[in-house]
$ cat input.cif   # mmCIF, C-alpha atoms
data_upload
#
loop_
_atom_site.label_atom_id
_atom_site.label_comp_id
_atom_site.auth_asym_id
_atom_site.auth_seq_id
_atom_site.Cartn_x
_atom_site.Cartn_y
_atom_site.Cartn_z
CA ALA A 1 13.88 35.80 -0.28
CA GLN A 2 12.77 35.28 -3.82
CA SER A 3 9.46 35.77 -5.55
CA VAL A 4 7.93 35.81 -8.99
CA THR A 5 4.97 37.80 -10.28
CA GLN A 6 3.18 36.75 -13.42
CA LEU A 7 1.02 39.51 -14.84
CA GLY A 8 -2.20 38.21 -16.30
CA SER A 9 -3.67 34.96 -15.08
CA HIS A 10 -5.33 34.45 -18.48
CA VAL A 11 -4.03 35.45 -21.89
CA SER A 12 -5.82 34.84 -25.19
CA VAL A 13 -4.18 35.25 -28.58
CA SER A 14 -5.22 34.35 -32.09
CA GLU A 15 -3.52 31.51 -33.91
CA GLY A 16 -0.49 32.94 -35.71
CA ALA A 17 -0.26 36.01 -33.44
CA LEU A 18 2.56 36.95 -31.09
CA VAL A 19 2.56 35.33 -27.67
CA LEU A 20 3.82 37.46 -24.77
CA LEU A 21 3.66 36.16 -21.20
CA ARG A 22 5.03 38.46 -18.51
CA CYS A 23 7.19 37.55 -15.55
CA ASN A 24 8.86 39.84 -13.03
CA TYR A 25 11.12 38.51 -10.31
CA SER A 26 12.51 39.63 -7.00
CA SER A 27 15.77 38.20 -5.72
CA SER A 28 18.47 39.44 -3.36
CA VAL A 29 21.12 37.43 -5.21
CA PRO A 30 21.71 36.80 -8.91
CA PRO A 31 18.76 34.68 -9.99
CA TYR A 32 18.30 31.68 -12.16
CA LEU A 33 15.01 31.91 -14.05
CA PHE A 34 12.87 29.26 -15.66
CA TRP A 35 9.72 28.90 -17.71
CA TYR A 36 7.76 25.68 -17.42
CA VAL A 37 4.62 24.58 -19.29
CA GLN A 38 1.90 22.38 -17.86
CA TYR A 39 -0.74 20.61 -19.92
CA PRO A 40 -3.97 19.46 -18.21
CA ASN A 41 -3.45 16.73 -15.62
CA GLN A 42 0.25 16.50 -16.35
CA GLY A 43 3.49 17.50 -14.70
CA LEU A 44 5.66 20.42 -15.70
CA GLN A 45 7.94 20.51 -18.73
CA LEU A 46 10.87 22.90 -18.96
CA LEU A 47 10.64 25.38 -21.84
CA LEU A 48 13.84 27.31 -21.16
CA LYS A 49 16.13 28.56 -18.43
CA TYR A 50 18.46 31.49 -17.74
CA THR A 51 21.57 30.69 -15.73
CA SER A 52 23.68 33.87 -16.05
CA ALA A 53 24.98 33.22 -19.55
CA ALA A 54 23.32 34.82 -22.59
CA THR A 55 20.46 37.15 -21.69
CA LEU A 56 18.36 35.99 -24.66
CA VAL A 57 17.44 32.39 -24.09
CA LYS A 58 15.93 30.13 -26.72
CA GLY A 59 13.83 27.18 -25.69
CA ILE A 60 11.76 24.43 -27.13
CA ASN A 61 8.72 24.80 -29.41
CA GLY A 62 9.88 28.19 -30.71
CA PHE A 63 9.72 30.00 -27.37
CA GLU A 64 12.33 32.45 -26.15
CA ALA A 65 12.80 34.79 -23.20
CA GLU A 66 15.01 37.77 -22.45
CA PHE A 67 16.54 38.45 -19.04
CA LYS A 68 16.45 42.19 -18.28
CA LYS A 69 18.16 42.96 -14.99
CA SER A 70 17.22 46.66 -15.06
CA GLU A 71 13.53 45.75 -15.34
CA THR A 72 13.76 42.58 -13.21
CA SER A 73 11.86 40.83 -15.96
CA PHE A 74 11.99 37.55 -17.84
CA HIS A 75 9.10 37.68 -20.32
CA LEU A 76 8.32 34.70 -22.52
CA THR A 77 7.59 35.22 -26.23
CA LYS A 78 6.77 33.24 -29.34
CA PRO A 79 6.40 34.94 -32.73
CA SER A 80 3.49 32.85 -33.97
CA ALA A 81 1.03 31.03 -31.73
CA HIS A 82 -0.06 27.50 -32.52
CA MET A 83 -3.12 25.69 -31.22
CA SER A 84 -0.87 23.24 -29.40
CA ASP A 85 0.53 26.10 -27.28
CA ALA A 86 -2.68 26.22 -25.24
CA ALA A 87 -1.58 25.35 -21.69
CA GLU A 88 -0.63 26.81 -18.31
CA TYR A 89 2.75 28.54 -18.14
CA PHE A 90 4.76 29.05 -14.97
CA CYS A 91 7.73 31.30 -14.35
CA ALA A 92 10.09 30.23 -11.56
CA VAL A 93 13.18 31.56 -9.81
CA SER A 94 15.98 29.99 -7.82
CA HIS A 95 19.60 30.77 -7.05
CA PHE A 96 22.83 28.86 -6.99
CA GLY A 97 23.29 26.87 -3.84
CA ASN A 98 19.58 26.61 -3.11
CA GLU A 99 17.96 25.07 -6.09
CA LYS A 100 14.40 24.89 -4.82
CA LEU A 101 12.14 26.63 -7.28
CA THR A 102 9.78 29.45 -6.34
CA PHE A 103 6.94 29.60 -8.84
CA GLY A 104 4.55 32.28 -9.93
CA THR A 105 0.82 31.70 -9.94
CA GLY A 106 0.77 30.83 -13.62
CA THR A 107 -0.74 32.18 -16.84
CA ARG A 108 -3.31 30.18 -18.75
CA LEU A 109 -2.78 30.67 -22.48
CA THR A 110 -5.76 30.21 -24.80
CA ILE A 111 -5.34 30.15 -28.56
CA ILE A 112 -8.24 31.44 -30.64
CA PRO A 113 -8.64 29.68 -34.01
CA ASP B 1 15.96 7.56 -19.46
CA THR B 2 12.37 6.77 -18.58
CA GLY B 3 11.56 10.01 -16.78
CA VAL B 4 10.23 10.64 -13.29
CA SER B 5 7.35 8.39 -12.34
CA GLN B 6 4.82 8.79 -9.54
CA ASP B 7 2.36 6.36 -8.06
CA PRO B 8 -0.56 6.48 -7.70
CA ARG B 9 -1.71 9.07 -10.21
CA HIS B 10 -4.94 9.65 -8.33
CA LYS B 11 -5.97 9.04 -4.74
CA ILE B 12 -9.31 9.62 -3.05
CA THR B 13 -9.39 9.22 0.69
CA LYS B 14 -11.55 10.13 3.65
CA ARG B 15 -10.54 12.74 6.16
CA GLY B 16 -8.43 11.27 8.91
CA GLN B 17 -6.93 8.48 6.82
CA ASN B 18 -3.22 8.13 6.08
CA VAL B 19 -1.91 8.16 2.52
CA THR B 20 1.50 7.44 1.00
CA PHE B 21 2.81 8.48 -2.39
CA ARG B 22 5.84 7.16 -4.21
CA CYS B 23 8.25 8.89 -6.56
CA ASP B 24 10.86 7.19 -8.72
CA PRO B 25 13.38 9.73 -10.04
CA ILE B 26 15.39 9.54 -13.22
CA SER B 27 18.07 6.95 -12.61
CA GLU B 28 21.32 8.39 -11.22
CA HIS B 29 19.70 11.70 -10.32
CA ASN B 30 20.89 12.39 -6.82
CA ARG B 31 18.50 15.22 -5.99
CA LEU B 32 14.78 14.71 -5.47
CA TYR B 33 12.17 17.37 -4.73
CA TRP B 34 8.54 17.38 -3.59
CA TYR B 35 6.16 20.21 -4.45
CA ARG B 36 2.45 20.73 -3.80
CA GLN B 37 0.14 22.47 -6.27
CA THR B 38 -3.36 23.57 -5.33
CA LEU B 39 -5.97 24.54 -7.86
CA GLY B 40 -5.15 27.74 -9.69
CA GLN B 41 -1.76 28.14 -8.04
CA GLY B 42 1.84 27.45 -8.91
CA PRO B 43 3.70 24.58 -7.28
CA GLU B 44 5.05 25.23 -3.77
CA PHE B 45 8.23 23.66 -2.49
CA LEU B 46 7.84 21.09 0.28
CA THR B 47 11.19 19.35 0.73
CA TYR B 48 14.20 17.97 -1.08
CA PHE B 49 16.81 15.24 -0.76
CA GLN B 50 20.36 14.88 -1.90
CA ASN B 51 20.88 11.14 -2.03
CA GLU B 52 19.26 9.88 1.18
CA ALA B 53 19.74 13.09 3.17
CA GLN B 54 16.76 15.42 3.58
CA LEU B 55 18.39 18.83 3.21
CA GLU B 56 15.49 21.26 3.50
CA LYS B 57 11.87 21.26 4.62
CA SER B 58 9.35 24.00 4.01
CA ARG B 59 7.19 25.39 6.78
CA LEU B 60 4.32 24.04 4.66
CA LEU B 61 5.41 20.57 5.71
CA SER B 62 3.52 20.16 8.97
CA ASP B 63 4.27 17.35 11.40
CA ARG B 64 1.58 15.28 9.66
CA PHE B 65 3.82 15.10 6.61
CA SER B 66 6.90 12.94 6.39
CA ALA B 67 9.17 12.19 3.46
CA GLU B 68 11.86 9.58 3.11
CA ARG B 69 14.41 8.47 0.58
CA PRO B 70 15.95 5.49 2.34
CA LYS B 71 18.45 4.29 -0.23
CA GLY B 72 18.89 7.44 -2.23
CA SER B 73 16.68 6.15 -5.03
CA PHE B 74 12.87 6.31 -4.77
CA SER B 75 11.12 8.53 -2.25
CA THR B 76 7.86 8.34 -0.34
CA LEU B 77 5.69 11.14 0.97
CA GLU B 78 3.26 10.21 3.72
CA ILE B 79 0.41 12.33 5.00
CA GLN B 80 -1.09 11.25 8.30
CA ARG B 81 -4.59 12.15 9.46
CA THR B 82 -5.46 13.79 6.16
CA GLU B 83 -7.50 16.99 6.12
CA GLN B 84 -9.58 18.48 3.33
CA GLY B 85 -6.95 21.20 2.94
CA ASP B 86 -4.46 18.55 1.88
CA SER B 87 -6.34 18.09 -1.39
CA ALA B 88 -3.84 19.06 -4.08
CA MET B 89 -1.53 17.76 -6.77
CA TYR B 90 1.73 16.45 -5.30
CA LEU B 91 4.60 16.78 -7.74
CA CYS B 92 7.99 15.13 -7.60
CA ALA B 93 11.05 16.30 -9.50
CA SER B 94 14.63 15.12 -9.78
CA SER B 95 17.90 16.64 -10.91
CA SER B 96 21.56 15.79 -11.15
CA ARG B 97 23.95 17.78 -9.02
CA HIS B 98 26.90 17.50 -11.41
CA HIS B 99 26.51 20.93 -12.93
CA ARG B 100 25.40 24.31 -11.72
CA GLN B 101 21.67 24.68 -11.53
CA GLU B 102 20.71 21.48 -13.24
CA THR B 103 17.22 21.27 -14.64
CA GLN B 104 14.52 19.76 -12.45
CA TYR B 105 12.51 17.16 -14.33
CA PHE B 106 8.98 16.72 -13.07
CA GLY B 107 6.82 13.65 -12.82
CA PRO B 108 3.12 13.57 -13.79
CA GLY B 109 2.01 14.17 -10.20
CA THR B 110 -0.35 12.48 -7.76
CA ARG B 111 -3.71 14.14 -7.41
CA LEU B 112 -5.12 13.78 -3.90
CA LEU B 113 -8.75 14.39 -3.00
CA VAL B 114 -9.70 14.28 0.66
CA LEU B 115 -13.42 13.89 1.28
#
$ encode --input "input.cif" --output "structure tokens"
Amino acid sequence: AQSVTQLGSHVSVSEGALVLLRCNYSSSVPPYLFWYVQYPNQGLQLLLKYTSAATLVKGINGFEAEFKKSETSFHLTKPSAHMSDAAEYFCAVSHFGNEKLTFGTGTRLTIIP
Amino acid sequence: DTGVSQDPRHKITKRGQNVTFRCDPISEHNRLYWYRQTLGQGPEFLTYFQNEAQLEKSRLLSDRFSAERPKGSFSTLEIQRTEQGDSAMYLCASSSRHHRQETQYFGPGTRLLVL
């Protein structure tokens, strides 16, 4: 069984400040990990994914995430927040051979001008 | 590549009515997934197809729910005898099974409200 825990359902940061969204996973097999972003009344867009290659993964819009097996974490970061980053962010896990995604409950990111 | 499309985008229905949603995946994507997202929650897996074969169904998919992908292209999700608890966003995604762990591309969703 797999699961994802996102710490903090709401995160607020000032424009230009560091963004840190936390994700911890549980998986009995080597996981594949994903971050998706969802804007209001829209579907999900992939930001980045970890598929057992490099542990530091770079995605779109300046986001990156680091896979830490010892901490079972896959936190999402961005050095400088922009107003357009305001959205809901979901961490998800799957594993090879069963590609259905198991999502966390999401973190709503608010950017303060 | 026009992306995943879903129709309708919004649906309001009365309890007890049947509804059907359609998903058109990215062309040549052989895998198609359905997820349900309730307010304030992450999407939950419902079912998925590889070509026309339905390979897995979640326990969330009660016998009132049925999904088809008759020719391995578009898919339909039907809910019979809708209940207020069915109110949610229904998301469709597609992927190509040519490489390990291909990305799932999501459509805009169909928002269902059951009165």
$ interface_residues --input "input.cif" --of "chain A" --to "chain B" --cutoff "12 Å" --atoms "only C-alpha atoms" --output "mmCIF file with C-alpha atoms, keeping the file's coordinate frame"
data_model
loop_
_atom_site.group_PDB
_atom_site.id
_atom_site.type_symbol
_atom_site.label_atom_id
_atom_site.label_comp_id
_atom_site.auth_asym_id
_atom_site.auth_seq_id
_atom_site.Cartn_x
_atom_site.Cartn_y
_atom_site.Cartn_z
ATOM 1 C CA SER A 3 9.460 35.770 -5.550
ATOM 2 C CA VAL A 4 7.930 35.810 -8.990
ATOM 3 C CA THR A 5 4.970 37.800 -10.280
ATOM 4 C CA GLN A 6 3.180 36.750 -13.420
ATOM 5 C CA SER A 9 -3.670 34.960 -15.080
ATOM 6 C CA HIS A 10 -5.330 34.450 -18.480
ATOM 7 C CA PRO A 31 18.760 34.680 -9.990
ATOM 8 C CA TYR A 32 18.300 31.680 -12.160
ATOM 9 C CA LEU A 33 15.010 31.910 -14.050
ATOM 10 C CA PHE A 34 12.870 29.260 -15.660
ATOM 11 C CA TRP A 35 9.720 28.900 -17.710
ATOM 12 C CA TYR A 36 7.760 25.680 -17.420
ATOM 13 C CA VAL A 37 4.620 24.580 -19.290
ATOM 14 C CA GLN A 38 1.900 22.380 -17.860
ATOM 15 C CA TYR A 39 -0.740 20.610 -19.920
ATOM 16 C CA PRO A 40 -3.970 19.460 -18.210
ATOM 17 C CA ASN A 41 -3.450 16.730 -15.620
ATOM 18 C CA GLN A 42 0.250 16.500 -16.350
ATOM 19 C CA GLY A 43 3.490 17.500 -14.700
ATOM 20 C CA LEU A 44 5.660 20.420 -15.700
ATOM 21 C CA GLN A 45 7.940 20.510 -18.730
ATOM 22 C CA LEU A 46 10.870 22.900 -18.960
ATOM 23 C CA LEU A 47 10.640 25.380 -21.840
ATOM 24 C CA LEU A 48 13.840 27.310 -21.160
ATOM 25 C CA LYS A 49 16.130 28.560 -18.430
ATOM 26 C CA TYR A 50 18.460 31.490 -17.740
ATOM 27 C CA THR A 51 21.570 30.690 -15.730
ATOM 28 C CA SER A 52 23.680 33.870 -16.050
ATOM 29 C CA ALA A 53 24.980 33.220 -19.550
ATOM 30 C CA GLU A 88 -0.630 26.810 -18.310
ATOM 31 C CA TYR A 89 2.750 28.540 -18.140
ATOM 32 C CA PHE A 90 4.760 29.050 -14.970
ATOM 33 C CA CYS A 91 7.730 31.300 -14.350
ATOM 34 C CA ALA A 92 10.090 30.230 -11.560
ATOM 35 C CA VAL A 93 13.180 31.560 -9.810
ATOM 36 C CA SER A 94 15.980 29.990 -7.820
ATOM 37 C CA HIS A 95 19.600 30.770 -7.050
ATOM 38 C CA PHE A 96 22.830 28.860 -6.990
ATOM 39 C CA GLY A 97 23.290 26.870 -3.840
ATOM 40 C CA ASN A 98 19.580 26.610 -3.110
ATOM 41 C CA GLU A 99 17.960 25.070 -6.090
ATOM 42 C CA LYS A 100 14.400 24.890 -4.820
ATOM 43 C CA LEU A 101 12.140 26.630 -7.280
ATOM 44 C CA THR A 102 9.780 29.450 -6.340
ATOM 45 C CA PHE A 103 6.940 29.600 -8.840
ATOM 46 C CA GLY A 104 4.550 32.280 -9.930
ATOM 47 C CA THR A 105 0.820 31.700 -9.940
ATOM 48 C CA GLY A 106 0.770 30.830 -13.620
ATOM 49 C CA THR A 107 -0.740 32.180 -16.840
ATOM 50 C CA ARG A 108 -3.310 30.180 -18.750
#
$ resolve_selection --input "input.cif" --expression "the PyMOL selection byres ((chain B and resi 17-20) around 12)" --output "ChimeraX atom specification"
/B:6-16,21-23,64-68,75-84,86-87,90,110-115
$ resolve_selection --input "input.cif" --expression "the PyMOL selection byres ((chain A and resi 12) around 12)" --output "JSON, numbers by chain"
{"A": [8, 9, 10, 11, 13, 14, 15, 16, 17, 18, 19, 20, 21, 81, 82, 83, 85, 86, 87, 88, 107, 108, 109, 110, 111, 112, 113]}
$ atom_distance --input "input.cif" --atom1 "CA of Asn24 (chain A)" --atom2 "CA of Thr72 (chain A)"
5.6 Å
$ atom_distance --input "input.cif" --atom1 "CA of Phe49 (chain B)" --atom2 "CA of Gly72 (chain B)"
8.2 Å
$ atom_distance --input "input.cif" --atom1 "CA of Asn51 (chain B)" --atom2 "CA of Thr2 (chain B)"
19.1 Å
$ resolve_selection --input "input.cif" --expression "the PyMOL selection byres ((chain B and resi 28) around 9)" --output "MDAnalysis selection string"
chainID B and resid 25:27 29:30 73 95:96
$ closest_residue --input "input.cif" --among "B:Pro70, B:Ser94, B:Gly85, B:Ser58" --to "Leu39 (chain B)" --atoms "only C-alpha atoms"
B:Gly85
$ decode --input "input.cif" --residues "region 11-24 of chain B" --atoms "N, CA and C atoms" --output "PDB file, in the first residue's frame"
ATOM      1  N   LYS B  11     -22.156  19.730 -14.728  1.00  0.00           N
ATOM      2  CA  LYS B  11     -23.426  19.012 -14.832  1.00  0.00           C
ATOM      3  C   LYS B  11     -24.167  19.135 -13.517  1.00  0.00           C
ATOM      4  N   ILE B  12     -25.400  19.610 -13.589  1.00  0.00           N
ATOM      5  CA  ILE B  12     -26.272  19.657 -12.424  1.00  0.00           C
ATOM      6  C   ILE B  12     -27.405  18.682 -12.673  1.00  0.00           C
ATOM      7  N   THR B  13     -27.668  17.826 -11.720  1.00  0.00           N
ATOM      8  CA  THR B  13     -28.708  16.832 -11.895  1.00  0.00           C
ATOM      9  C   THR B  13     -29.455  16.638 -10.585  1.00  0.00           C
ATOM     10  N   LYS B  14     -30.595  16.022 -10.670  1.00  0.00           N
ATOM     11  CA  LYS B  14     -31.370  15.727  -9.476  1.00  0.00           C
ATOM     12  C   LYS B  14     -31.065  14.315  -9.007  1.00  0.00           C
ATOM     13  N   ARG B  15     -31.136  14.130  -7.724  1.00  0.00           N
ATOM     14  CA  ARG B  15     -30.892  12.818  -7.132  1.00  0.00           C
ATOM     15  C   ARG B  15     -31.768  11.768  -7.806  1.00  0.00           C
ATOM     16  N   GLY B  16     -31.137  10.646  -8.126  1.00  0.00           N
ATOM     17  CA  GLY B  16     -31.865   9.564  -8.765  1.00  0.00           C
ATOM     18  C   GLY B  16     -31.735   9.509 -10.272  1.00  0.00           C
ATOM     19  N   GLN B  17     -31.254  10.609 -10.868  1.00  0.00           N
ATOM     20  CA  GLN B  17     -31.066  10.633 -12.315  1.00  0.00           C
ATOM     21  C   GLN B  17     -29.741   9.967 -12.689  1.00  0.00           C
ATOM     22  N   ASN B  18     -29.662   9.550 -13.948  1.00  0.00           N
ATOM     23  CA  ASN B  18     -28.420   8.989 -14.486  1.00  0.00           C
ATOM     24  C   ASN B  18     -27.642  10.080 -15.223  1.00  0.00           C
ATOM     25  N   VAL B  19     -26.325  10.025 -15.129  1.00  0.00           N
ATOM     26  CA  VAL B  19     -25.488  10.970 -15.856  1.00  0.00           C
ATOM     27  C   VAL B  19     -24.357  10.209 -16.540  1.00  0.00           C
ATOM     28  N   THR B  20     -23.879  10.760 -17.638  1.00  0.00           N
ATOM     29  CA  THR B  20     -22.764  10.162 -18.377  1.00  0.00           C
ATOM     30  C   THR B  20     -21.764  11.242 -18.740  1.00  0.00           C
ATOM     31  N   PHE B  21     -20.503  10.955 -18.509  1.00  0.00           N
ATOM     32  CA  PHE B  21     -19.426  11.879 -18.838  1.00  0.00           C
ATOM     33  C   PHE B  21     -18.539  11.239 -19.905  1.00  0.00           C
ATOM     34  N   ARG B  22     -17.946  12.107 -20.715  1.00  0.00           N
ATOM     35  CA  ARG B  22     -17.069  11.613 -21.774  1.00  0.00           C
ATOM     36  C   ARG B  22     -15.669  12.159 -21.603  1.00  0.00           C
ATOM     37  N   CYS B  23     -14.698  11.339 -21.939  1.00  0.00           N
ATOM     38  CA  CYS B  23     -13.290  11.758 -21.920  1.00  0.00           C
ATOM     39  C   CYS B  23     -12.634  11.371 -23.235  1.00  0.00           C
ATOM     40  N   ASP B  24     -11.991  12.337 -23.878  1.00  0.00           N
ATOM     41  CA  ASP B  24     -11.192  12.071 -25.069  1.00  0.00           C
ATOM     42  C   ASP B  24      -9.727  12.229 -24.697  1.00  0.00           C
TER      43      ASP B  24
END
